[in-house]
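> Just one file: query_18.txt, with compact mmCIF, C-alpha atoms.
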```txt
# COMPACT_ATOMS: atom_id res chain seq x y z
CA MET A 146 92.95 97.90 67.10
CA THR A 147 92.69 94.25 68.09
CA PRO A 148 93.91 93.08 71.53
CA GLN A 149 96.69 91.15 69.80
CA THR A 150 97.93 94.24 67.94
CA PHE A 151 97.61 96.31 71.10
CA LEU A 152 99.77 93.87 73.09
CA ALA A 153 102.33 93.52 70.31
CA GLU A 154 102.76 97.30 70.18
CA LEU A 155 103.18 97.48 73.97
CA GLU A 156 105.58 94.52 74.29
CA PRO A 157 108.77 96.64 74.05
CA VAL A 158 107.40 99.04 76.67
CA ALA A 159 106.52 96.15 78.98
CA ALA A 160 110.07 94.79 78.56
CA LYS A 161 111.61 98.13 79.57
CA LEU A 162 109.27 98.50 82.54
CA LEU A 163 110.06 94.94 83.63
CA ASP A 164 113.79 95.69 83.50
CA ARG A 165 113.20 98.85 85.55
CA HIS A 166 111.19 96.90 88.09
CA LEU A 167 113.84 94.21 88.49
CA ALA A 168 116.54 96.88 88.89
CA THR A 169 114.51 98.80 91.48
CA THR A 170 112.92 96.11 93.62
CA LYS A 171 114.80 94.91 96.69
CA GLU A 172 115.02 91.35 97.94
CA TRP A 173 113.40 90.82 101.32
CA PHE A 174 112.45 87.92 103.55
CA PRO A 175 109.27 87.55 105.61
CA HIS A 176 111.13 85.65 108.33
CA GLU A 177 113.24 88.73 109.06
CA LEU A 178 110.17 90.86 109.74
CA VAL A 179 107.74 88.52 111.49
CA PRO A 180 108.13 88.38 115.30
CA TYR A 181 108.06 84.59 115.59
CA GLY A 182 109.32 84.85 119.18
CA ARG A 183 105.83 85.92 120.21
CA GLY A 184 104.31 82.76 118.77
CA ARG A 185 103.26 79.68 120.71
CA ASP A 186 101.50 76.43 119.98
CA PHE A 187 97.74 76.34 119.52
CA GLU A 188 96.01 73.67 121.56
CA GLN A 189 93.41 71.43 119.96
CA GLY A 190 90.03 73.17 120.11
CA TYR A 191 91.58 76.55 120.90
CA GLU A 192 89.03 79.38 120.99
CA TRP A 193 90.43 82.78 120.11
CA SER A 194 89.86 85.97 122.07
CA ALA A 195 90.97 89.49 121.24
CA ASP A 196 92.79 89.48 124.59
CA ASP A 197 95.10 86.73 123.30
CA GLY A 198 96.89 89.04 120.87
CA ASP A 199 100.53 89.92 121.49
CA LEU A 200 101.10 93.14 119.54
CA GLY A 201 104.04 94.56 121.40
CA GLY A 202 101.81 96.18 123.99
CA ALA A 203 99.48 97.74 121.43
CA VAL A 204 95.70 97.34 121.56
CA LEU A 205 94.50 96.54 118.06
CA PRO A 206 91.39 98.50 116.99
CA GLU A 207 88.66 96.35 115.46
CA ALA A 208 88.80 98.33 112.22
CA VAL A 209 92.50 97.52 111.85
CA ARG A 210 91.76 93.87 112.54
CA SER A 211 89.17 94.03 109.75
CA ALA A 212 91.73 95.62 107.43
CA LEU A 213 94.34 92.94 108.15
CA PHE A 214 91.71 90.24 107.63
CA VAL A 215 90.57 91.68 104.28
CA ASN A 216 94.09 92.52 103.12
CA LEU A 217 95.28 88.97 103.64
CA LEU A 218 92.25 87.27 102.14
CA THR A 219 92.57 89.51 99.10
CA GLU A 220 96.17 88.37 98.66
CA ASP A 221 95.03 84.75 99.07
CA ASN A 222 92.99 84.97 95.87
CA LEU A 223 96.24 85.19 93.90
CA PRO A 224 95.53 82.15 91.65
CA TYR A 225 92.57 83.96 90.10
CA TYR A 226 94.46 87.20 89.56
CA PHE A 227 97.20 85.24 87.81
CA ARG A 228 94.59 83.52 85.66
CA ASP A 229 92.96 86.77 84.63
CA ILE A 230 96.22 88.61 83.91
CA GLU A 231 97.45 85.67 81.86
CA ARG A 232 94.15 85.67 79.99
CA MET A 233 94.30 89.40 79.30
CA PHE A 234 97.95 89.50 78.33
CA GLU A 235 100.21 86.63 77.23
CA MET A 236 102.08 83.61 78.58
CA ASP A 237 105.32 84.42 76.75
CA GLY A 238 107.57 87.46 76.34
CA ALA A 239 107.76 90.39 78.70
CA PHE A 240 104.11 90.19 79.72
CA GLY A 241 104.42 86.55 80.75
CA THR A 242 107.68 87.16 82.61
CA TRP A 243 106.11 90.10 84.42
CA ASN A 244 103.02 88.12 85.40
CA ARG A 245 105.08 85.32 86.90
CA ARG A 246 107.36 87.73 88.76
CA TRP A 247 104.36 89.71 90.03
CA THR A 248 102.75 86.47 91.23
CA ALA A 249 105.89 85.49 93.13
CA GLU A 250 106.02 88.86 94.88
CA GLU A 251 102.32 88.84 95.73
CA GLY A 252 102.65 85.33 97.14
CA ARG A 253 105.33 86.61 99.50
CA HIS A 254 102.89 89.24 100.74
CA SER A 255 100.38 86.62 101.88
CA ILE A 256 103.16 84.63 103.57
CA ALA A 257 104.39 87.66 105.52
CA ILE A 258 100.97 88.94 106.57
CA ARG A 259 99.66 85.49 107.57
CA ASP A 260 102.78 84.64 109.57
CA TYR A 261 102.51 87.96 111.39
CA LEU A 262 98.84 87.44 112.22
CA ILE A 263 99.34 83.89 113.44
CA ALA A 264 102.50 84.63 115.45
CA THR A 265 100.83 87.56 117.20
CA ARG A 266 97.32 86.02 117.38
CA ALA A 267 95.98 89.30 116.03
CA VAL A 268 92.97 87.58 114.43
CA ASP A 269 90.95 84.44 115.04
CA PRO A 270 92.90 81.72 113.15
CA VAL A 271 89.84 79.49 112.73
CA LEU A 272 87.73 82.32 111.33
CA LEU A 273 90.61 83.32 109.08
CA GLU A 274 91.09 79.83 107.67
CA ARG A 275 87.39 79.28 107.11
CA ALA A 276 87.20 82.62 105.29
CA ARG A 277 90.24 81.69 103.19
CA MET A 278 88.62 78.42 102.17
CA ALA A 279 85.40 80.20 101.25
CA GLN A 280 87.20 83.00 99.40
CA VAL A 281 89.49 80.82 97.31
CA SER A 282 86.80 78.21 96.68
CA GLY A 283 84.55 80.95 95.31
CA GLY A 284 87.21 82.66 93.23
CA ASP A 285 85.33 85.97 93.18
CA VAL A 286 87.62 88.65 91.72
CA PRO A 287 87.09 91.66 89.45
CA SER A 288 87.71 90.47 85.88
CA PRO A 289 88.29 93.22 83.29
CA ASP A 290 87.13 92.02 79.90
CA SER A 291 89.97 93.37 77.74
CA PRO A 292 93.67 94.26 77.99
CA LEU A 293 92.76 97.96 77.73
CA ASN A 294 90.34 97.79 80.65
CA GLY A 295 92.73 95.50 82.47
CA VAL A 296 95.70 97.84 82.43
CA ILE A 297 93.52 100.71 83.66
CA TYR A 298 91.99 98.63 86.42
CA VAL A 299 95.24 97.23 87.79
CA SER A 300 96.85 100.69 87.76
CA LEU A 301 94.12 102.06 90.02
CA GLN A 302 93.79 98.90 92.10
CA GLU A 303 97.52 98.55 92.84
CA LEU A 304 97.71 102.15 94.02
CA ALA A 305 94.60 101.78 96.17
CA THR A 306 96.04 98.56 97.64
CA ARG A 307 99.34 100.28 98.44
CA ILE A 308 97.50 103.04 100.28
CA ALA A 309 95.31 100.61 102.22
CA HIS A 310 98.28 98.47 103.28
CA ARG A 311 100.32 101.44 104.43
CA ASN A 312 97.44 103.02 106.32
CA THR A 313 96.77 99.68 108.01
CA GLY A 314 100.39 99.45 109.11
CA LYS A 315 100.33 102.95 110.56
CA LEU A 316 97.34 102.09 112.75
CA ILE A 317 98.52 98.71 114.07
CA GLY A 318 100.53 100.30 116.86
CA ASP A 319 103.10 97.49 116.72
CA ARG A 320 106.50 98.15 115.13
CA SER A 321 106.74 94.66 113.65
CA GLY A 322 103.29 94.92 112.11
CA TYR A 323 104.12 98.33 110.71
CA GLU A 324 107.28 97.00 109.08
CA VAL A 325 105.48 94.04 107.51
CA MET A 326 102.78 96.25 106.01
CA ALA A 327 105.25 98.94 104.93
CA ARG A 328 107.35 96.35 103.09
CA VAL A 329 104.28 94.94 101.36
CA ALA A 330 103.11 98.45 100.45
CA ALA A 331 106.51 99.25 98.92
CA ASP A 332 106.13 96.28 96.57
CA GLU A 333 102.60 97.33 95.69
CA ASN A 334 103.91 100.78 94.78
CA LEU A 335 106.35 99.28 92.28
CA HIS A 336 103.53 97.19 90.81
CA TYR A 337 101.46 100.35 90.48
CA LEU A 338 104.29 102.18 88.70
CA PHE A 339 104.65 99.33 86.18
CA TYR A 340 100.97 99.38 85.29
CA ARG A 341 100.60 103.17 85.43
CA ASP A 342 103.42 103.70 82.95
CA LEU A 343 102.26 100.83 80.76
CA ALA A 344 98.86 102.52 80.64
CA GLN A 345 100.54 105.84 79.76
CA ALA A 346 102.20 104.19 76.76
CA ALA A 347 98.86 102.65 75.78
CA ILE A 348 97.20 106.08 75.95
CA GLU A 349 99.84 107.50 73.62
CA LEU A 350 99.30 104.56 71.28
CA ASN A 351 95.50 104.62 71.24
CA PRO A 352 94.07 107.53 73.26
CA SER A 353 90.45 107.16 72.21
CA ASP A 354 90.07 103.49 73.14
CA MET A 355 91.95 104.05 76.40
CA VAL A 356 89.69 106.93 77.42
CA ILE A 357 86.67 104.73 76.79
CA ALA A 358 88.35 102.03 78.91
CA MET A 359 88.97 104.53 81.72
CA GLU A 360 85.32 105.53 81.83
CA GLU A 361 84.17 101.91 81.88
CA VAL A 362 86.60 100.94 84.64
CA VAL A 363 85.90 103.92 86.90
CA ARG A 364 82.15 103.51 86.46
CA SER A 365 82.28 99.94 87.81
CA PHE A 366 85.41 100.12 89.98
CA VAL A 367 85.48 97.89 93.04
CA MET A 368 88.42 96.67 95.05
CA PRO A 369 89.16 92.94 95.21
CA GLY A 370 87.54 91.23 98.17
CA THR A 371 83.84 91.27 97.41
CA GLY A 372 83.66 87.50 97.97
CA ILE A 373 85.06 87.72 101.51
CA ILE A 374 82.73 86.66 104.33
CA ASP A 375 81.19 89.75 106.00
CA PHE A 376 82.94 91.96 103.46
CA ASP A 377 80.39 94.80 103.78
CA ARG A 378 80.85 94.96 107.55
CA HIS A 379 84.63 94.93 107.26
CA SER A 380 84.56 97.55 104.49
CA ALA A 381 82.41 99.88 106.59
CA ALA A 382 84.84 99.58 109.52
CA ILE A 383 87.84 100.14 107.23
CA ALA A 384 86.23 103.24 105.74
CA GLN A 385 85.24 104.65 109.12
CA ALA A 386 88.83 104.28 110.33
CA GLY A 387 90.11 106.19 107.29
CA ILE A 388 92.14 103.24 106.00
CA TYR A 389 90.40 103.20 102.63
CA ASP A 390 87.23 105.08 101.71
CA ALA A 391 85.61 107.19 99.01
CA THR A 392 87.74 110.19 99.89
CA ILE A 393 90.94 108.22 99.44
CA LEU A 394 89.69 106.76 96.16
CA HIS A 395 88.94 110.24 94.85
CA GLU A 396 91.83 112.28 96.27
CA GLN A 397 94.66 109.74 96.27
CA VAL A 398 93.81 107.46 93.34
CA LEU A 399 91.53 108.90 90.65
CA VAL A 400 92.65 112.54 90.70
CA PRO A 401 96.43 111.91 90.87
CA VAL A 402 96.42 109.16 88.24
CA ILE A 403 93.68 110.01 85.76
CA LEU A 404 93.79 113.81 85.95
CA HIS A 405 97.36 114.62 86.95
CA HIS A 406 99.42 111.80 85.45
CA TRP A 407 97.44 110.59 82.45
CA ARG A 408 96.00 114.12 81.99
CA VAL A 409 92.85 112.79 80.39
CA GLN A 410 91.26 116.24 80.28
CA HIS A 411 94.03 117.46 77.94
CA LEU A 412 94.08 114.59 75.43
CA GLU A 413 93.50 115.67 71.86
CA ARG A 414 92.16 114.19 68.62
CA LEU A 415 89.73 111.85 70.33
CA THR A 416 86.88 110.17 68.52
CA ALA A 417 83.34 111.36 69.21
CA ALA A 418 82.72 108.28 71.35
CA ALA A 419 85.89 108.94 73.35
CA ASP A 420 84.91 112.58 73.85
CA ARG A 421 81.58 111.48 75.29
CA ALA A 422 83.34 108.94 77.50
CA ARG A 423 85.74 111.59 78.77
CA ASP A 424 82.89 113.94 79.64
CA ALA A 425 81.16 111.15 81.56
CA LEU A 426 84.41 110.22 83.29
CA LEU A 427 85.18 113.76 84.43
CA LYS A 428 81.63 114.23 85.70
CA ARG A 429 81.82 110.94 87.60
CA ILE A 430 85.09 111.92 89.25
CA GLU A 431 83.61 115.29 90.19
CA ARG A 432 80.50 113.66 91.66
CA LEU A 433 82.62 111.22 93.64
CA GLY A 434 84.57 114.14 95.04
CA LYS A 435 81.38 115.83 96.20
CA LEU A 436 80.17 112.57 97.74
CA ALA A 437 83.50 112.05 99.49
CA ARG A 438 83.42 115.56 100.95
CA ALA A 439 79.85 115.08 102.15
CA LEU A 440 80.73 111.78 103.81
CA ALA A 441 83.81 113.32 105.44
CA ALA A 442 81.74 116.22 106.80
CA ARG A 443 79.16 113.78 108.16
CA ALA A 444 81.90 111.77 109.88
CA GLU A 445 83.34 114.93 111.43
CA ARG A 446 79.93 115.90 112.79
CA ARG A 447 79.50 112.40 114.21
CA GLN A 448 82.88 112.57 115.94
CA ALA A 449 82.14 116.03 117.30
CA ALA A 450 78.85 114.78 118.73
CA ILE A 451 80.60 111.87 120.42
CA PHE A 452 83.22 114.08 122.08
CA SER A 453 80.66 116.64 123.18
CA THR A 454 78.59 114.12 125.18
```
Rewrite the structure from the file as C-alpha cells, please.


Amino acid sequence: MTPQTFLAELEPVAAKLLDRHLATTKEWFPHELVPYGRGRDFEQGYEWSADDGDLGGAVLPEAVRSALFVNLLTEDNLPYYFRDIERMFEMDGAFGTWNRRWTAEEGRHSIAIRDYLIATRAVDPVLLERARMAQVSGGDVPSPDSPLNGVIYVSLQELATRIAHRNTGKLIGDRSGYEVMARVAADENLHYLFYRDLAQAAIELNPSDMVIAMEEVVRSFVMPGTGIIDFDRHSAAIAQAGIYDATILHEQVLVPVILHHWRVQHLERLTAAADRARDALLKRIERLGKLARALAARAERRQAAIFST
C-alpha cells in the first residue's frame, strides 16, 4: 500500500477524529493562568539567581527546573514538527486542518509556559533565550520517514509528553505553575487520543505494515529535545526525579498503548515479516521492562543509602 493510498483510506477517520477533538477541547487563555502580578522589569545586564524566583513560597527543585526548561524548548521547535507532519500527511482535507489546529494549540503551550517562567523568574531568562536560539536554529527533531511510522511515533510521543508535563506540574509546588502544566497536559492528552485512534484505524486497515512500523519506531524511540543544550544532563535529572524515565516509558506508554489498546500480541493474519517484527517488538518491550525495574531498584538502594547515613 502506497502512502497516498494509506492516507486516502484514513481520511474519513481523520475527519471524524478531528470533529471529536473540536467538540471535546475547551478554549483557554494563558493570561488567565499566568501570575503576571509576580513579574517585574529586568534591568539591563541582569544576572539571574535561583533565589530570584517567586513561586508562591515554593522552592523549585533543580530537576523540575530542568523539566520546565526542556519542556518549553521542546515546544519551541514547533515549526519543524509542523513541517514534518505536513510532509508525512497532507496540506488539504482533514489531515491539513488537523495539523494547523494542532500547531495553534501547541503554540499556545509555549506562550503559557514561557510567560509563567519569565513572570516567576523560575529559570535564567538569558540561558533560556540562548538555548531557544540554538534549538530552533538547529531544528533537530525526530523525523519519522513514513506516515505509518509517523502515526505510531506521535501516538507514543504525545502520551509521553502529557505524562512529563503533568508530573512536572505536580512537583513545582506552586499552584499557578501546576495549573499551567495541567492545562497543557490536558491538551496533549487530546492530541494523543487523536493519534492513538488514527493508528488503531490504520492497524485495522493494514495490520502487517503497522506492526513493522511499531517495531521500527520503538527500536529507535527518542523524545523530542535531543538538540537542546545540556540535554543529557537535564534528562538525567528529569529521570532521577521520576518525571520521565525508562519505567514511565515502559509502564505508562508502551504497555498501555501497544499491548493493551492496540493489542499487537493478538493481531492475526500477519505476513511473515510482520510476525518477525512483532516478536522483536514484544521482546524489546520485555527487555525494557526488566531494565526499568533494575534501574528503579538501583535508585531505591541509592535513596536508602542516603537516608541511612

> What is the distance between CA of Ala257 (chain A) and CA of Leu218 (chain A), in Å to one decimal?

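Value for the CA of Ala257 (chain A)-CA of Leu218 (chain A) distance: 12.6 Å.
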
> Could you list, as a list in words, every residue within 8 Å of Ala239 (chain A), counting only C-alpha atoms and ignoring same-chain residues fewer than 2 positions away?

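With the cut-off at 8 Å, the set is Glu156, Pro157, Ala159, Ala160, Leu163, Asp237, Gly241, Thr242 and Trp243 of chain A.
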
> Using only C-alpha atoms, pick whichever of A:Ala441, A:Gly201, A:Ala418, A:Phe151 has the shortest atom-to-atom distance to Ala391 (chain A).

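Closest residue, counting only C-alpha atoms: A:Ala441.
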
> So which one's closest to Glu349 (chain A), A:Leu412, A:Ser288, A:Ala305, A:Ser365? Using all atoms listed in the file, please.

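Distance minimum relative to Glu349 (chain A) lands on A:Leu412.
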
> Give one line per residue of region 170-272 of chain A that approaches region 320-325 of chain A to at most 7 Å, naming the two atoms of the closest pair and their distance in Å to one decimal, counting all atoms listed in the file; sort by chain then ascending residue number and deliver it as JSON lines.


```
{"residue": "A:Leu178", "atom": "CA", "partner": "A:Val325", "partner_atom": "CA", "distance": 6.1}
{"residue": "A:Val179", "atom": "CA", "partner": "A:Ser321", "partner_atom": "CA", "distance": 6.6}
{"residue": "A:Pro180", "atom": "CA", "partner": "A:Ser321", "partner_atom": "CA", "distance": 6.6}
{"residue": "A:Ala257", "atom": "CA", "partner": "A:Val325", "partner_atom": "CA", "distance": 6.8}
{"residue": "A:Ile258", "atom": "CA", "partner": "A:Val325", "partner_atom": "CA", "distance": 6.9}
```

> Would you output that residue set with C-alpha atoms, as a PDB file, keeping the file's coordinate frame?


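Final file, out_25.pdb:
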```pdb
ATOM      1  CA  LEU A 178     110.170  90.860 109.740  1.00  0.00           C
ATOM      2  CA  VAL A 179     107.740  88.520 111.490  1.00  0.00           C
ATOM      3  CA  PRO A 180     108.130  88.380 115.300  1.00  0.00           C
ATOM      4  CA  ALA A 257     104.390  87.660 105.520  1.00  0.00           C
ATOM      5  CA  ILE A 258     100.970  88.940 106.570  1.00  0.00           C
TER       6      ILE A 258
END
```

> Write out as a ChimeraX atom specification which residues come within 7 Å of region 312-318 of chain A when counting all atoms listed in the file, dropping same-chain ones fewer than 4 positions away.

/A:203,205,209,212,308,322-323,326-327,388

> Of the residues A:Met278, A:Ala346, A:Val329, A:Leu272, which is the one nearest to Leu293 (chain A), using only C-alpha atoms?

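For Leu293 (chain A), the nearest of the candidates is A:Ala346.
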
> Select, counting all atoms listed in the file, all protein, DNA and RNA residues no farther than 7 Å from (95.6, 86.7, 120.4) in file coordinates, and express the selection as number ranges by chain.

A: 193-199, 265-268

> In terms of the shortest atom-to-atom distance over only C-alpha atoms, which of A:Arg421, A:Arg210, A:Arg259, A:Arg246 is closest to Tyr181 (chain A)?

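Of A:Arg421, A:Arg210, A:Arg259, A:Arg246, the one nearest Tyr181 (chain A), counting only C-alpha atoms, is A:Arg259.
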
> How many Å separate CA of Ala276 (chain A) from CA of Asp221 (chain A)?

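Spanning CA of Ala276 (chain A) to CA of Asp221 (chain A) is a straight-line distance of 10.2 Å.
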
> Output requested as a PDB file, in the coordinates of the input - region 221-255 of chain A, filled out with N, CA and C atoms.


```pdb
ATOM      1  N   ASP A 221      95.200  86.194  99.217  1.00  0.00           N
ATOM      2  CA  ASP A 221      95.030  84.750  99.070  1.00  0.00           C
ATOM      3  C   ASP A 221      94.369  84.360  97.746  1.00  0.00           C
ATOM      4  N   ASN A 222      93.659  85.285  97.126  1.00  0.00           N
ATOM      5  CA  ASN A 222      92.990  84.970  95.870  1.00  0.00           C
ATOM      6  C   ASN A 222      93.927  85.079  94.666  1.00  0.00           C
ATOM      7  N   LEU A 223      95.216  85.031  94.925  1.00  0.00           N
ATOM      8  CA  LEU A 223      96.240  85.190  93.900  1.00  0.00           C
ATOM      9  C   LEU A 223      96.059  84.273  92.688  1.00  0.00           C
ATOM     10  N   PRO A 224      95.666  82.994  92.850  1.00  0.00           N
ATOM     11  CA  PRO A 224      95.530  82.150  91.650  1.00  0.00           C
ATOM     12  C   PRO A 224      94.585  82.736  90.607  1.00  0.00           C
ATOM     13  N   TYR A 225      93.543  83.413  91.047  1.00  0.00           N
ATOM     14  CA  TYR A 225      92.570  83.960  90.100  1.00  0.00           C
ATOM     15  C   TYR A 225      93.072  85.240  89.445  1.00  0.00           C
ATOM     16  N   TYR A 226      93.859  86.031  90.183  1.00  0.00           N
ATOM     17  CA  TYR A 226      94.460  87.200  89.560  1.00  0.00           C
ATOM     18  C   TYR A 226      95.447  86.766  88.481  1.00  0.00           C
ATOM     19  N   PHE A 227      96.254  85.753  88.801  1.00  0.00           N
ATOM     20  CA  PHE A 227      97.200  85.240  87.810  1.00  0.00           C
ATOM     21  C   PHE A 227      96.457  84.763  86.568  1.00  0.00           C
ATOM     22  N   ARG A 228      95.388  84.031  86.782  1.00  0.00           N
ATOM     23  CA  ARG A 228      94.590  83.520  85.660  1.00  0.00           C
ATOM     24  C   ARG A 228      94.093  84.654  84.779  1.00  0.00           C
ATOM     25  N   ASP A 229      93.552  85.696  85.407  1.00  0.00           N
ATOM     26  CA  ASP A 229      92.960  86.770  84.630  1.00  0.00           C
ATOM     27  C   ASP A 229      94.019  87.609  83.902  1.00  0.00           C
ATOM     28  N   ILE A 230      95.154  87.848  84.570  1.00  0.00           N
ATOM     29  CA  ILE A 230      96.220  88.610  83.910  1.00  0.00           C
ATOM     30  C   ILE A 230      96.798  87.812  82.756  1.00  0.00           C
ATOM     31  N   GLU A 231      96.961  86.517  82.949  1.00  0.00           N
ATOM     32  CA  GLU A 231      97.450  85.670  81.860  1.00  0.00           C
ATOM     33  C   GLU A 231      96.461  85.664  80.700  1.00  0.00           C
ATOM     34  N   ARG A 232      95.183  85.664  81.023  1.00  0.00           N
ATOM     35  CA  ARG A 232      94.150  85.670  79.990  1.00  0.00           C
ATOM     36  C   ARG A 232      94.140  86.998  79.231  1.00  0.00           C
ATOM     37  N   MET A 233      94.334  88.092  79.937  1.00  0.00           N
ATOM     38  CA  MET A 233      94.300  89.400  79.300  1.00  0.00           C
ATOM     39  C   MET A 233      95.558  89.679  78.488  1.00  0.00           C
ATOM     40  N   PHE A 234      96.693  89.201  78.985  1.00  0.00           N
ATOM     41  CA  PHE A 234      97.950  89.500  78.330  1.00  0.00           C
ATOM     42  C   PHE A 234      98.476  88.248  77.617  1.00  0.00           C
ATOM     43  N   GLU A 235      99.648  87.774  77.944  1.00  0.00           N
ATOM     44  CA  GLU A 235     100.210  86.630  77.230  1.00  0.00           C
ATOM     45  C   GLU A 235     101.033  85.773  78.179  1.00  0.00           C
ATOM     46  N   MET A 236     101.267  84.514  77.776  1.00  0.00           N
ATOM     47  CA  MET A 236     102.080  83.610  78.580  1.00  0.00           C
ATOM     48  C   MET A 236     103.567  83.831  78.331  1.00  0.00           C
ATOM     49  N   ASP A 237     103.920  84.310  77.133  1.00  0.00           N
ATOM     50  CA  ASP A 237     105.320  84.420  76.750  1.00  0.00           C
ATOM     51  C   ASP A 237     105.769  85.879  76.733  1.00  0.00           C
ATOM     52  N   GLY A 238     107.041  86.103  76.463  1.00  0.00           N
ATOM     53  CA  GLY A 238     107.570  87.460  76.340  1.00  0.00           C
ATOM     54  C   GLY A 238     107.557  88.220  77.641  1.00  0.00           C
ATOM     55  N   ALA A 239     107.653  89.546  77.518  1.00  0.00           N
ATOM     56  CA  ALA A 239     107.760  90.390  78.700  1.00  0.00           C
ATOM     57  C   ALA A 239     106.516  90.332  79.564  1.00  0.00           C
ATOM     58  N   PHE A 240     105.346  90.249  78.937  1.00  0.00           N
ATOM     59  CA  PHE A 240     104.110  90.190  79.720  1.00  0.00           C
ATOM     60  C   PHE A 240     104.055  88.918  80.566  1.00  0.00           C
ATOM     61  N   GLY A 241     104.426  87.793  79.994  1.00  0.00           N
ATOM     62  CA  GLY A 241     104.420  86.550  80.750  1.00  0.00           C
ATOM     63  C   GLY A 241     105.440  86.553  81.870  1.00  0.00           C
ATOM     64  N   THR A 242     106.640  87.082  81.579  1.00  0.00           N
ATOM     65  CA  THR A 242     107.680  87.160  82.610  1.00  0.00           C
ATOM     66  C   THR A 242     107.231  88.070  83.754  1.00  0.00           C
ATOM     67  N   TRP A 243     106.621  89.198  83.386  1.00  0.00           N
ATOM     68  CA  TRP A 243     106.110  90.100  84.420  1.00  0.00           C
ATOM     69  C   TRP A 243     105.052  89.424  85.274  1.00  0.00           C
ATOM     70  N   ASN A 244     104.110  88.750  84.656  1.00  0.00           N
ATOM     71  CA  ASN A 244     103.020  88.120  85.400  1.00  0.00           C
ATOM     72  C   ASN A 244     103.548  87.103  86.392  1.00  0.00           C
ATOM     73  N   ARG A 245     104.525  86.324  85.981  1.00  0.00           N
ATOM     74  CA  ARG A 245     105.080  85.320  86.900  1.00  0.00           C
ATOM     75  C   ARG A 245     105.865  85.983  88.032  1.00  0.00           C
ATOM     76  N   ARG A 246     106.619  87.018  87.726  1.00  0.00           N
ATOM     77  CA  ARG A 246     107.360  87.730  88.760  1.00  0.00           C
ATOM     78  C   ARG A 246     106.392  88.399  89.740  1.00  0.00           C
ATOM     79  N   TRP A 247     105.375  89.064  89.200  1.00  0.00           N
ATOM     80  CA  TRP A 247     104.360  89.710  90.030  1.00  0.00           C
ATOM     81  C   TRP A 247     103.701  88.690  90.951  1.00  0.00           C
ATOM     82  N   THR A 248     103.390  87.525  90.429  1.00  0.00           N
ATOM     83  CA  THR A 248     102.750  86.470  91.230  1.00  0.00           C
ATOM     84  C   THR A 248     103.655  86.038  92.366  1.00  0.00           C
ATOM     85  N   ALA A 249     104.944  85.887  92.094  1.00  0.00           N
ATOM     86  CA  ALA A 249     105.890  85.490  93.130  1.00  0.00           C
ATOM     87  C   ALA A 249     105.952  86.533  94.244  1.00  0.00           C
ATOM     88  N   GLU A 250     105.952  87.801  93.873  1.00  0.00           N
ATOM     89  CA  GLU A 250     106.020  88.860  94.880  1.00  0.00           C
ATOM     90  C   GLU A 250     104.730  88.944  95.680  1.00  0.00           C
ATOM     91  N   GLU A 251     103.591  88.806  95.013  1.00  0.00           N
ATOM     92  CA  GLU A 251     102.320  88.840  95.730  1.00  0.00           C
ATOM     93  C   GLU A 251     102.173  87.648  96.677  1.00  0.00           C
ATOM     94  N   GLY A 252     102.680  86.495  96.264  1.00  0.00           N
ATOM     95  CA  GLY A 252     102.650  85.330  97.140  1.00  0.00           C
ATOM     96  C   GLY A 252     103.428  85.561  98.420  1.00  0.00           C
ATOM     97  N   ARG A 253     104.541  86.277  98.311  1.00  0.00           N
ATOM     98  CA  ARG A 253     105.330  86.610  99.500  1.00  0.00           C
ATOM     99  C   ARG A 253     104.560  87.514 100.447  1.00  0.00           C
ATOM    100  N   HIS A 254     103.710  88.354  99.890  1.00  0.00           N
ATOM    101  CA  HIS A 254     102.890  89.240 100.740  1.00  0.00           C
ATOM    102  C   HIS A 254     101.972  88.418 101.644  1.00  0.00           C
ATOM    103  N   SER A 255     101.296  87.430 101.066  1.00  0.00           N
ATOM    104  CA  SER A 255     100.380  86.620 101.880  1.00  0.00           C
ATOM    105  C   SER A 255     101.141  85.830 102.930  1.00  0.00           C
TER     106      SER A 255
END
```
